[in-house]
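Okay, final.cif now, which holds mmCIF, C-alpha atoms:
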```
data_model
#
loop_
_atom_site.label_atom_id
_atom_site.label_comp_id
_atom_site.auth_asym_id
_atom_site.auth_seq_id
_atom_site.Cartn_x
_atom_site.Cartn_y
_atom_site.Cartn_z
CA CYS A 1339 -1.09 -37.18 8.56
CA LEU A 1340 -4.51 -37.20 10.19
CA PHE A 1341 -5.88 -33.97 11.62
CA THR A 1342 -8.86 -34.08 13.98
CA MET A 1343 -10.66 -30.99 15.33
CA GLU A 1344 -11.50 -31.28 19.02
CA ASN A 1345 -15.16 -31.94 19.98
CA MET A 1346 -16.23 -32.16 16.35
CA ASP A 1347 -16.84 -35.23 14.26
CA ILE A 1348 -14.86 -33.84 11.32
CA SER A 1349 -11.59 -35.31 10.12
CA PHE A 1350 -9.57 -35.01 6.98
CA GLU A 1351 -6.10 -35.78 5.77
CA MET A 1352 -3.84 -32.76 5.68
CA PRO A 1353 -1.03 -32.59 3.11
CA GLU A 1354 2.50 -32.58 4.37
CA GLU A 1355 2.94 -28.93 3.34
CA SER A 1356 0.01 -26.58 3.97
CA ALA A 1357 -0.88 -23.33 5.66
CA PHE A 1358 -1.57 -25.28 8.86
CA ARG A 1359 1.69 -27.20 9.00
CA SER A 1360 5.17 -26.02 8.04
CA ASP A 1361 8.24 -27.99 7.13
CA GLU A 1362 10.47 -29.26 9.87
CA MET A 1363 12.68 -26.31 10.80
CA SER A 1364 16.23 -26.08 12.12
CA LEU A 1365 17.87 -23.24 14.02
CA VAL A 1366 21.20 -22.43 12.42
CA GLN A 1367 24.01 -19.96 12.97
CA PHE A 1368 25.95 -18.10 10.30
CA MET A 1369 29.44 -16.70 10.74
CA ILE A 1370 29.63 -14.00 8.09
CA PRO A 1371 32.59 -11.70 7.38
CA ARG A 1372 31.52 -8.11 8.02
CA GLU A 1373 32.36 -6.93 4.53
CA ALA A 1374 30.23 -9.73 3.04
CA CYS A 1375 27.13 -9.30 5.25
CA SER A 1376 25.13 -7.26 2.76
CA ALA A 1377 25.83 -9.54 -0.22
CA THR A 1378 25.18 -12.66 1.87
CA VAL A 1379 21.82 -11.43 3.16
CA GLU A 1380 20.80 -10.40 -0.36
CA ALA A 1381 21.74 -13.82 -1.76
CA LEU A 1382 19.94 -15.71 1.02
CA GLY A 1383 16.91 -13.51 0.49
CA GLU A 1384 16.72 -14.68 -3.11
CA LEU A 1385 16.38 -18.27 -1.82
CA GLU A 1386 13.26 -17.33 0.20
CA CYS A 1387 13.89 -20.01 2.80
CA VAL A 1388 15.74 -18.22 5.62
CA GLN A 1389 14.04 -16.37 8.47
CA PHE A 1390 16.58 -14.38 10.50
CA ILE A 1391 15.81 -13.78 14.16
CA ASP A 1392 17.07 -11.11 16.51
CA SER A 1393 20.17 -12.07 18.42
CA ASP A 1394 19.94 -12.35 22.20
CA ALA A 1395 22.84 -9.88 22.43
CA ASN A 1396 20.55 -7.18 20.94
CA SER A 1397 17.71 -7.61 23.46
CA GLN A 1398 18.75 -4.48 25.40
CA VAL A 1399 19.65 -2.37 22.36
CA ASN A 1400 16.96 -0.02 21.05
CA ALA A 1401 16.32 0.55 17.37
CA PHE A 1402 18.20 3.87 17.27
CA ALA A 1403 21.41 2.36 18.63
CA ARG A 1404 21.63 -0.44 16.09
CA PRO A 1405 24.63 -0.41 13.72
CA PHE A 1406 22.65 0.43 10.56
CA SER A 1407 20.09 2.89 11.93
CA LYS A 1408 21.70 5.72 9.92
CA GLN A 1409 21.37 3.78 6.67
CA ILE A 1410 17.75 2.94 7.50
CA ARG A 1411 16.94 6.61 7.99
CA MET A 1412 18.62 7.38 4.67
CA CYS A 1413 16.49 4.73 2.91
CA ASP A 1414 13.32 6.11 4.51
CA ASP A 1415 14.27 9.59 3.29
CA LEU A 1416 14.92 8.26 -0.22
CA LEU A 1417 11.49 6.62 -0.28
CA ARG A 1418 9.95 9.92 0.83
CA LYS A 1419 11.70 11.68 -2.04
CA THR A 1420 10.52 9.07 -4.55
CA ARG A 1421 6.91 9.55 -3.35
CA MET A 1422 7.29 13.31 -3.79
CA PHE A 1423 8.79 12.89 -7.28
CA ARG A 1424 6.06 10.45 -8.27
CA LYS A 1425 3.24 12.72 -7.11
CA ARG A 1426 4.63 15.79 -8.86
CA SER A 1427 5.43 13.82 -12.03
CA GLU A 1428 1.83 12.62 -12.21
CA GLN A 1429 0.58 16.19 -11.72
CA LEU A 1430 2.75 17.33 -14.63
CA GLY A 1431 1.52 14.48 -16.83
CA LEU A 1432 4.81 12.58 -17.01
CA VAL A 1433 4.38 8.87 -17.75
CA ILE A 1434 5.67 6.43 -15.12
CA ASN A 1435 5.91 2.79 -16.17
CA ASP A 1436 5.48 0.80 -12.95
CA ASP A 1437 6.18 -2.45 -14.81
CA ALA A 1438 9.75 -1.37 -15.56
CA ILE A 1439 11.27 -2.32 -12.21
CA THR A 1440 14.75 -2.90 -13.66
CA LEU A 1441 17.03 -0.03 -12.72
CA GLN A 1442 18.10 2.00 -15.72
CA ALA A 1443 21.74 2.07 -16.79
CA ALA A 1444 22.14 5.71 -15.73
CA PHE A 1445 21.40 4.76 -12.11
CA GLN A 1446 22.91 1.28 -11.86
CA ASP A 1447 26.39 2.44 -10.86
CA ARG A 1448 25.17 4.96 -8.29
CA THR A 1449 25.37 4.13 -4.60
CA LEU A 1450 22.65 5.09 -2.13
CA ASP A 1451 24.78 8.04 -1.02
CA ASP A 1452 25.00 9.25 -4.62
CA LEU A 1453 21.23 8.89 -5.07
CA GLN A 1454 20.66 10.73 -1.79
CA ALA A 1455 22.85 13.66 -2.88
CA ASP A 1456 21.39 13.88 -6.40
CA MET A 1457 17.76 13.62 -5.29
CA ALA A 1458 18.33 16.11 -2.45
CA ALA A 1459 19.57 18.68 -4.97
CA VAL A 1460 16.54 18.11 -7.22
CA GLU A 1461 14.20 18.28 -4.23
CA GLY A 1462 15.68 21.64 -3.21
CA ASP A 1463 15.10 23.03 -6.70
CA LEU A 1464 11.53 21.70 -6.72
CA ARG A 1465 10.77 23.27 -3.35
CA ASN A 1466 12.09 26.65 -4.49
CA LEU A 1467 9.93 26.44 -7.60
CA ALA A 1468 6.93 25.39 -5.49
CA VAL A 1469 7.30 28.45 -3.21
CA ARG A 1470 7.44 30.80 -6.19
CA ASN A 1471 4.58 28.96 -7.89
CA GLU A 1472 2.42 29.35 -4.77
CA VAL A 1473 2.95 33.11 -4.77
CA MET A 1474 2.29 33.33 -8.51
CA SER A 1475 -0.85 31.18 -8.20
CA LYS A 1476 -2.22 33.44 -5.47
CA THR A 1477 -1.58 36.52 -7.60
CA TYR A 1478 -3.13 34.79 -10.61
CA ARG A 1479 -6.29 34.01 -8.60
CA GLU A 1480 -6.51 37.63 -7.44
CA LEU A 1481 -6.23 38.86 -11.03
CA ILE A 1482 -8.95 36.43 -12.15
CA GLU A 1483 -11.27 37.62 -9.37
CA HIS A 1484 -10.54 41.29 -10.11
CA GLN A 1485 -11.31 40.71 -13.78
CA PHE A 1486 -14.53 38.90 -12.86
CA LEU A 1487 -15.54 41.82 -10.62
CA LEU A 1488 -14.93 44.42 -13.32
CA LYS A 1489 -16.88 42.43 -15.91
CA ASN A 1490 -19.86 42.29 -13.56
CA LEU A 1491 -19.49 45.86 -12.31
CA LEU A 1492 -21.63 47.36 -15.06
CA ASN A 1493 -24.54 45.01 -14.32
CA LEU A 1494 -24.22 45.68 -10.59
CA MET A 1495 -24.33 49.42 -11.19
CA GLU A 1496 -27.36 49.11 -13.50
CA ASN A 1497 -29.20 47.02 -10.91
CA SER A 1498 -28.43 49.63 -8.26
CA GLY A 1499 -30.16 52.46 -10.15
CA SER A 1500 -28.96 56.01 -10.72
CA VAL A 1501 -26.54 57.90 -8.53
CA GLU A 1502 -29.38 60.10 -7.29
CA SER A 1503 -31.38 57.07 -6.15
CA LEU A 1504 -28.30 55.72 -4.38
CA ARG A 1505 -27.81 59.01 -2.59
CA SER A 1506 -31.40 58.84 -1.37
CA VAL A 1507 -30.63 55.56 0.36
CA VAL A 1508 -27.70 57.02 2.28
CA SER A 1509 -28.93 60.63 2.52
CA GLU A 1510 -29.15 62.76 5.59
CA GLU A 1511 -32.71 61.58 6.16
CA THR A 1512 -31.37 58.25 7.36
CA PRO A 1513 -27.94 59.04 8.77
CA LEU A 1514 -25.76 56.57 10.59
CA ILE A 1515 -25.85 57.46 14.29
CA GLU A 1516 -22.74 56.75 16.27
CA GLU A 1517 -22.81 55.64 19.89
CA GLY A 1518 -22.31 59.21 21.05
CA GLY A 1519 -25.35 60.35 19.07
CA THR A 1520 -23.39 62.27 16.38
CA ALA A 1521 -24.31 61.79 12.75
CA ALA A 1522 -21.36 60.15 10.96
CA SER A 1523 -22.62 60.61 7.39
CA ASP A 1524 -22.09 63.87 5.59
CA GLY A 1525 -24.83 63.01 3.07
CA LYS A 1526 -22.72 64.21 0.17
CA THR A 1527 -19.90 61.76 -0.62
CA LEU A 1528 -21.02 58.38 -1.94
CA ARG A 1529 -18.48 55.65 -1.22
CA ASN A 1530 -18.29 52.00 -2.20
CA ILE A 1531 -16.49 48.78 -1.36
CA ALA A 1532 -16.24 46.16 -4.11
CA GLY A 1533 -14.79 42.69 -4.09
CA VAL A 1534 -15.36 38.94 -4.35
CA ILE A 1535 -16.57 36.60 -1.62
CA ASP A 1536 -17.31 32.88 -1.41
CA THR A 1537 -20.92 31.99 -2.11
CA ASP A 1538 -21.41 30.25 1.25
CA LYS A 1539 -20.49 33.52 3.03
CA LEU A 1540 -22.91 35.66 1.04
CA ASP A 1541 -25.88 35.23 3.41
CA SER A 1542 -23.74 36.30 6.35
CA LEU A 1543 -22.51 39.34 4.42
CA ILE A 1544 -26.10 40.39 3.59
CA ARG A 1545 -27.28 40.01 7.17
CA LEU A 1546 -24.30 41.63 8.88
CA ASN A 1547 -24.11 44.44 6.34
CA PHE A 1548 -27.63 45.47 7.36
CA ARG A 1549 -26.84 45.23 11.07
CA VAL A 1550 -23.53 47.09 10.92
CA SER A 1551 -24.86 49.89 8.72
CA ARG A 1552 -28.31 49.96 10.39
CA GLY A 1553 -29.85 49.85 6.93
CA ASN A 1554 -27.75 52.72 5.56
CA ALA A 1555 -25.69 50.64 3.08
CA LEU A 1556 -26.87 49.19 -0.22
CA LEU A 1557 -25.45 45.78 -1.22
CA ARG A 1558 -25.55 44.39 -4.75
CA TYR A 1559 -24.05 41.07 -5.86
CA SER A 1560 -23.74 38.92 -8.98
CA GLU A 1561 -24.69 35.34 -9.74
CA PRO A 1562 -22.37 32.61 -8.34
CA HIS A 1563 -19.43 31.82 -10.58
CA GLN A 1564 -17.10 28.81 -10.62
CA PHE A 1565 -13.57 29.81 -11.59
CA PRO A 1566 -11.76 27.34 -13.87
CA GLU A 1567 -8.51 25.77 -12.78
CA ARG A 1568 -5.33 27.48 -13.89
CA PRO A 1569 -4.28 26.26 -17.36
CA SER A 1570 -1.25 24.02 -17.31
CA ALA A 1571 1.53 23.68 -19.83
CA TYR A 1572 0.82 19.92 -19.93
CA HIS A 1573 -3.01 19.88 -19.93
CA LYS A 1574 -5.19 20.53 -22.93
CA PRO A 1575 -7.85 23.26 -22.53
CA GLU A 1576 -10.66 20.72 -22.95
CA ASP A 1577 -9.24 18.73 -20.03
CA GLU A 1578 -9.45 21.67 -17.64
CA LYS A 1579 -12.20 21.60 -15.04
CA ALA A 1580 -13.67 24.00 -12.53
CA GLU A 1581 -12.23 24.31 -9.05
CA ASP A 1582 -13.89 22.50 -6.18
CA GLY A 1583 -16.23 24.53 -3.95
CA ALA A 1584 -19.48 26.47 -4.08
CA GLY A 1585 -18.06 29.25 -6.23
CA SER A 1586 -17.76 32.99 -5.65
CA VAL A 1587 -19.84 36.11 -6.19
CA ALA A 1588 -18.85 39.68 -7.00
CA PHE A 1589 -20.36 42.35 -4.73
CA ILE A 1590 -20.39 46.09 -4.29
CA ILE A 1591 -21.60 48.03 -1.23
CA PHE A 1592 -22.69 51.69 -1.50
CA PHE A 1593 -22.64 53.83 1.63
CA SER A 1594 -21.68 57.24 2.95
CA GLY A 1595 -19.26 58.15 5.72
CA ALA A 1596 -15.70 57.27 6.73
CA VAL A 1597 -16.75 55.52 9.96
CA LEU A 1598 -19.07 53.17 8.09
CA GLN A 1599 -16.34 52.49 5.52
CA ASP A 1600 -14.01 51.31 8.27
CA LYS A 1601 -16.66 49.04 9.78
CA LEU A 1602 -17.69 47.51 6.46
CA SER A 1603 -14.06 46.94 5.45
CA LYS A 1604 -13.47 44.98 8.66
CA LEU A 1605 -16.69 43.02 8.07
CA VAL A 1606 -15.63 41.99 4.56
CA ALA A 1607 -12.17 40.96 5.78
CA THR A 1608 -13.66 38.94 8.65
CA LEU A 1609 -15.85 36.95 6.24
CA GLY A 1610 -12.87 36.20 3.99
CA GLY A 1611 -13.88 38.57 1.20
CA ARG A 1612 -11.24 39.99 -1.13
CA LYS A 1613 -11.53 43.71 -1.84
CA TYR A 1614 -10.44 45.13 -5.20
CA ARG A 1615 -10.13 48.60 -6.62
CA VAL A 1616 -12.73 49.70 -9.15
CA PRO A 1617 -12.49 52.73 -11.45
CA ASP A 1618 -14.57 55.76 -10.57
CA SER A 1619 -16.02 56.23 -14.04
CA GLY A 1620 -15.25 55.17 -17.58
CA GLY A 1621 -12.03 53.33 -16.79
CA SER A 1622 -13.30 49.78 -16.41
CA THR A 1623 -12.53 48.81 -20.03
CA ARG A 1624 -8.93 49.97 -19.78
CA MET A 1625 -8.46 48.22 -16.42
CA VAL A 1626 -9.90 44.96 -17.79
CA GLU A 1627 -7.38 45.11 -20.65
CA GLU A 1628 -4.53 45.72 -18.18
CA LEU A 1629 -5.68 42.76 -16.11
CA ARG A 1630 -5.88 40.56 -19.19
CA GLN A 1631 -2.28 41.41 -20.08
CA SER A 1632 -1.14 40.74 -16.50
CA LEU A 1633 -2.93 37.38 -16.55
CA GLU A 1634 -1.16 36.37 -19.75
CA ASP A 1635 2.21 37.36 -18.27
CA HIS A 1636 1.58 35.43 -15.05
CA LEU A 1637 0.37 32.40 -16.96
CA SER A 1638 3.43 32.32 -19.21
CA VAL A 1639 5.76 32.57 -16.19
CA MET A 1640 3.96 29.76 -14.34
CA GLN A 1641 3.94 27.49 -17.37
CA ALA A 1642 7.68 28.13 -17.86
CA ALA A 1643 8.18 27.06 -14.23
CA GLU A 1644 6.20 23.87 -14.92
CA ARG A 1645 8.43 23.08 -17.89
CA THR A 1646 11.47 23.58 -15.65
CA GLU A 1647 10.00 21.17 -13.09
CA ALA A 1648 9.30 18.62 -15.82
CA ALA A 1649 12.88 18.88 -17.07
CA LEU A 1650 14.15 18.17 -13.54
CA LEU A 1651 11.81 15.21 -13.01
CA ARG A 1652 11.90 13.57 -16.44
CA PRO A 1653 15.20 11.65 -15.86
CA TYR A 1654 13.74 10.23 -12.64
CA ALA A 1655 10.19 9.52 -13.89
CA ASP A 1656 11.26 6.53 -15.98
CA ALA A 1657 13.60 5.25 -13.26
CA LEU A 1658 11.32 5.70 -10.22
CA PRO A 1659 10.01 2.09 -10.09
CA GLY A 1660 13.56 0.71 -10.28
CA ILE A 1661 14.84 3.18 -7.66
CA GLU A 1662 11.98 2.35 -5.30
CA ARG A 1663 12.60 -1.39 -5.69
CA ARG A 1664 16.31 -1.02 -5.02
CA VAL A 1665 15.82 1.23 -1.98
CA ARG A 1666 13.22 -1.11 -0.46
CA GLN A 1667 15.55 -4.05 -1.04
CA GLU A 1668 18.44 -2.23 0.64
CA LEU A 1669 16.13 -1.21 3.49
CA ALA A 1670 15.17 -4.84 4.10
CA VAL A 1671 18.87 -5.84 4.07
CA PHE A 1672 19.77 -3.16 6.64
CA HIS A 1673 16.87 -4.18 8.90
CA THR A 1674 18.08 -7.79 8.70
CA MET A 1675 21.71 -6.93 9.43
CA ASN A 1676 20.58 -4.99 12.51
CA ARG A 1677 19.60 -8.38 13.98
CA PHE A 1678 23.13 -9.76 13.83
CA ASN A 1679 25.51 -9.99 16.76
CA TYR A 1680 28.67 -7.97 16.08
CA GLY A 1681 30.21 -8.31 19.54
CA VAL A 1682 31.71 -11.78 19.11
CA SER A 1683 34.43 -10.83 16.66
CA SER A 1684 35.69 -7.69 15.03
CA GLN A 1685 36.00 -9.52 11.72
CA ALA A 1686 32.68 -11.39 11.55
CA ALA A 1687 29.04 -11.15 12.52
CA VAL A 1688 26.96 -13.96 14.01
CA ALA A 1689 23.45 -14.43 12.62
CA GLU A 1690 20.74 -16.84 13.76
CA ALA A 1691 17.96 -18.01 11.52
CA TRP A 1692 15.29 -20.65 11.04
CA VAL A 1693 15.77 -22.75 7.91
CA PRO A 1694 13.72 -25.72 6.61
CA THR A 1695 15.66 -28.84 7.47
CA SER A 1696 15.11 -30.19 3.97
CA ARG A 1697 16.98 -27.22 2.51
CA LEU A 1698 20.04 -27.97 4.66
CA LYS A 1699 20.56 -31.36 3.07
CA PRO A 1700 22.76 -31.44 -0.02
CA ASP A 1701 20.94 -32.30 -3.25
#
```
Written as structure tokens, that's how I'd like the structure from this file.
Amino acid sequence: CLFTMENMDISFEMPEESAFRSDEMSLVQFMIPREACSATVEALGELECVQFIDSDANSQVNAFARPFSKQIRMCDDLLRKTRMFRKRSEQLGLVINDDAITLQAAFQDRTLDDLQADMAAVEGDLRNLAVRNEVMSKTYRELIEHQFLLKNLLNLMENSGSVESLRSVVSEETPLIEEGGTAASDGKTLRNIAGVIDTDKLDSLIRLNFRVSRGNALLRYSEPHQFPERPSAYHKPEDEKAEDGAGSVAFIIFFSGAVLQDKLSKLVATLGGRKYRVPDSGGSTRMVEELRQSLEDHLSVMQAAERTEAALLRPYADALPGIERRVRQELAVFHTMNRFNYGVSSQAAVAEAWVPTSRLKPD
């Protein structure tokens, strides 16, 4: 065969089979019994020489009205569940052997409906555990931040000076004047707001604290700190790393007056700061010990939940590659069978396909 490109003095001999020239093809029709459609399509797919085309009878039928649209949705849902199981298994450190694509014996006899029911039950349990884990993780983070605040409270107080010097900052000589012209500070009671805020919001807190209090509030803050990730039941301590982000700082604001306390509380909440209770005097050591005990309790509960998740996922972790392969294969079969014409006979389906002519000849 000689192939010549137009308007170019280049020519070369092209082999009989190449990417530019296919085999001679023939359009054929199959009459397949309905109960044998799935097995027939699967067997022809193994030959890798049949390209089914959509029947003319299906030209006006949309994808949702095809005979196997329900099964296709079920396969899509199973693939979504396998992706969820895979992601969570990797997070828990379970080993998934992607080379083991052969379906394990425990799953070989299960139909797609059985897999759907079993995996739906496991997914429900995982979601319930995830909701509880989210609440526990939030509480754990709050305890960590509270502990960090209390450990830095002594340094913040020392940097602020004595109580008398603090009172001089918020004394009656520089009272907070409300809009009506009435002094809101009584000059006697020294109040404070303590908490933790993200480092990137610290500059805004410093600036707005001065504006809101008109210079009548004293702000002290610690060095930025990067909190470590929560320890996992399946990760070694040396493998743990710090959370992403710019870190957080502990802060305490000294002021006087109930009106100013309300304004500063709203300011801290607006900037995303988390307020925590601090002892009045001498109780920080006892509170730190209580927080440490609460952290240990929360950590043990969350790690027990992780072990429960791992027990649910472990039977599927080894079988996931085989399940995914089987579901994708069934999905391809259902998509192919949706191209058949089922209106000719109630007992058989008519399929049209392109087949290499050479494969039609008997050996």
Counting all atoms listed in the file, select every polymer residue within 12 Å of (26.2, -10.5, 5.8) as defined in the file's coordinates, and provide the selection as a ChimeraX atom specification. /A:1368-1383,1390,1671-1680,1685-1690
Separation of CA of Ala1403 (chain A) from CA of Lys1419 (chain A) in Å: 24.7 Å
Where does the PyMOL selection byres ((chain A and resi 1364) around 9) land in this file, that is, which residues does it pick, as a PDB file with C-alpha atoms, keeping the file's coordinate frame?
```pdb
ATOM      1  CA  GLU A1362      10.470 -29.260   9.870  1.00  0.00           C
ATOM      2  CA  MET A1363      12.680 -26.310  10.800  1.00  0.00           C
ATOM      3  CA  LEU A1365      17.870 -23.240  14.020  1.00  0.00           C
ATOM      4  CA  VAL A1366      21.200 -22.430  12.420  1.00  0.00           C
ATOM      5  CA  ALA A1691      17.960 -18.010  11.520  1.00  0.00           C
ATOM      6  CA  TRP A1692      15.290 -20.650  11.040  1.00  0.00           C
ATOM      7  CA  VAL A1693      15.770 -22.750   7.910  1.00  0.00           C
ATOM      8  CA  PRO A1694      13.720 -25.720   6.610  1.00  0.00           C
ATOM      9  CA  THR A1695      15.660 -28.840   7.470  1.00  0.00           C
ATOM     10  CA  LEU A1698      20.040 -27.970   4.660  1.00  0.00           C
TER      11      LEU A1698
END
```
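Remark: for Pro1617 (chain A), the closest of the candidate residues A:Val1460, A:Ala1455, A:Leu1491, A:Leu1650 is A:Leu1491 (distances computed over all atoms listed in the file).
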Selection: 8 Å around Leu1543 (chain A), all atoms listed in the file, excl. self and same-chain fewer than 2 positions, as a PyMOL selection string: chain A and resi 1539-1541+1545-1547+1605-1606+1609
If we count only C-alpha atoms and set the cut-off at 8 Å, which residues sit around Phe1593 (chain A), ignoring sequence neighbours fewer than 4 positions away in its own chain? Please answer as a ChimeraX atom specification. /A:1508,1528-1530,1554-1556,1598-1599
Just how far from CA of Glu1634 (chain A) is CA of Arg1612 (chain A), in Å to one decimal?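 Separating CA of Arg1612 (chain A) from CA of Glu1634 (chain A) is a distance of 21.5 Å.
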Box for region 1674-1692 of chain A: with edges along x, y and z, all listed atoms inside and 3 Å added on each side, what are the centre and edge lengths in Å to one decimal, as JSON?
```
{"center_x": 25.6, "center_y": -12.8, "center_z": 14.1, "size_x": 26.7, "size_y": 21.7, "size_z": 16.8}
```
With distances taken over only C-alpha atoms, which residue among A:His1636, A:Lys1604, A:Lys1425, A:His1563 lies nearest Arg1470 (chain A)? A:His1636
What's the separation between CA of Tyr1559 (chain A) and CA of Ser1475 (chain A), in Å to one decimal place?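 Distance between the two atoms: 25.3 Å.
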Written as a PDB file with C-alpha atoms, in the frame of the given file, which residues does the PyMOL selection byres ((chain A and resi 1395) around 9) give for the file shown?
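Listing of result04.pdb after writing:
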```pdb
ATOM      1  CA  ASP A1392      17.070 -11.110  16.510  1.00  0.00           C
ATOM      2  CA  SER A1393      20.170 -12.070  18.420  1.00  0.00           C
ATOM      3  CA  ASP A1394      19.940 -12.350  22.200  1.00  0.00           C
ATOM      4  CA  ASN A1396      20.550  -7.180  20.940  1.00  0.00           C
ATOM      5  CA  SER A1397      17.710  -7.610  23.460  1.00  0.00           C
ATOM      6  CA  GLN A1398      18.750  -4.480  25.400  1.00  0.00           C
ATOM      7  CA  VAL A1399      19.650  -2.370  22.360  1.00  0.00           C
ATOM      8  CA  PHE A1678      23.130  -9.760  13.830  1.00  0.00           C
ATOM      9  CA  ASN A1679      25.510  -9.990  16.760  1.00  0.00           C
ATOM     10  CA  TYR A1680      28.670  -7.970  16.080  1.00  0.00           C
ATOM     11  CA  GLY A1681      30.210  -8.310  19.540  1.00  0.00           C
TER      12      GLY A1681
END
```
Nearest to Ala1596 (chain A): which of A:Gln1564, A:Ser1683, A:Thr1527, A:Gln1631 is it, counting all atoms listed in the file?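 Ranked by minimum distance to Ala1596 (chain A), first place goes to A:Thr1527.
Considering the residues A:Glu1480, A:Asp1452, A:Glu1384, A:Asp1437 and counting all atoms listed in the file, Ser1632 (chain A) has its shortest atom-to-atom contact with A:Glu1480.
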Minimum-distance residue to Ala1643 (chain A), chosen among A:Ser1603, A:Asn1466, A:Ser1542, A:Gln1485 (using only C-alpha atoms):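 Residue with the minimum atom-to-atom distance to Ala1643 (chain A): A:Asn1466.
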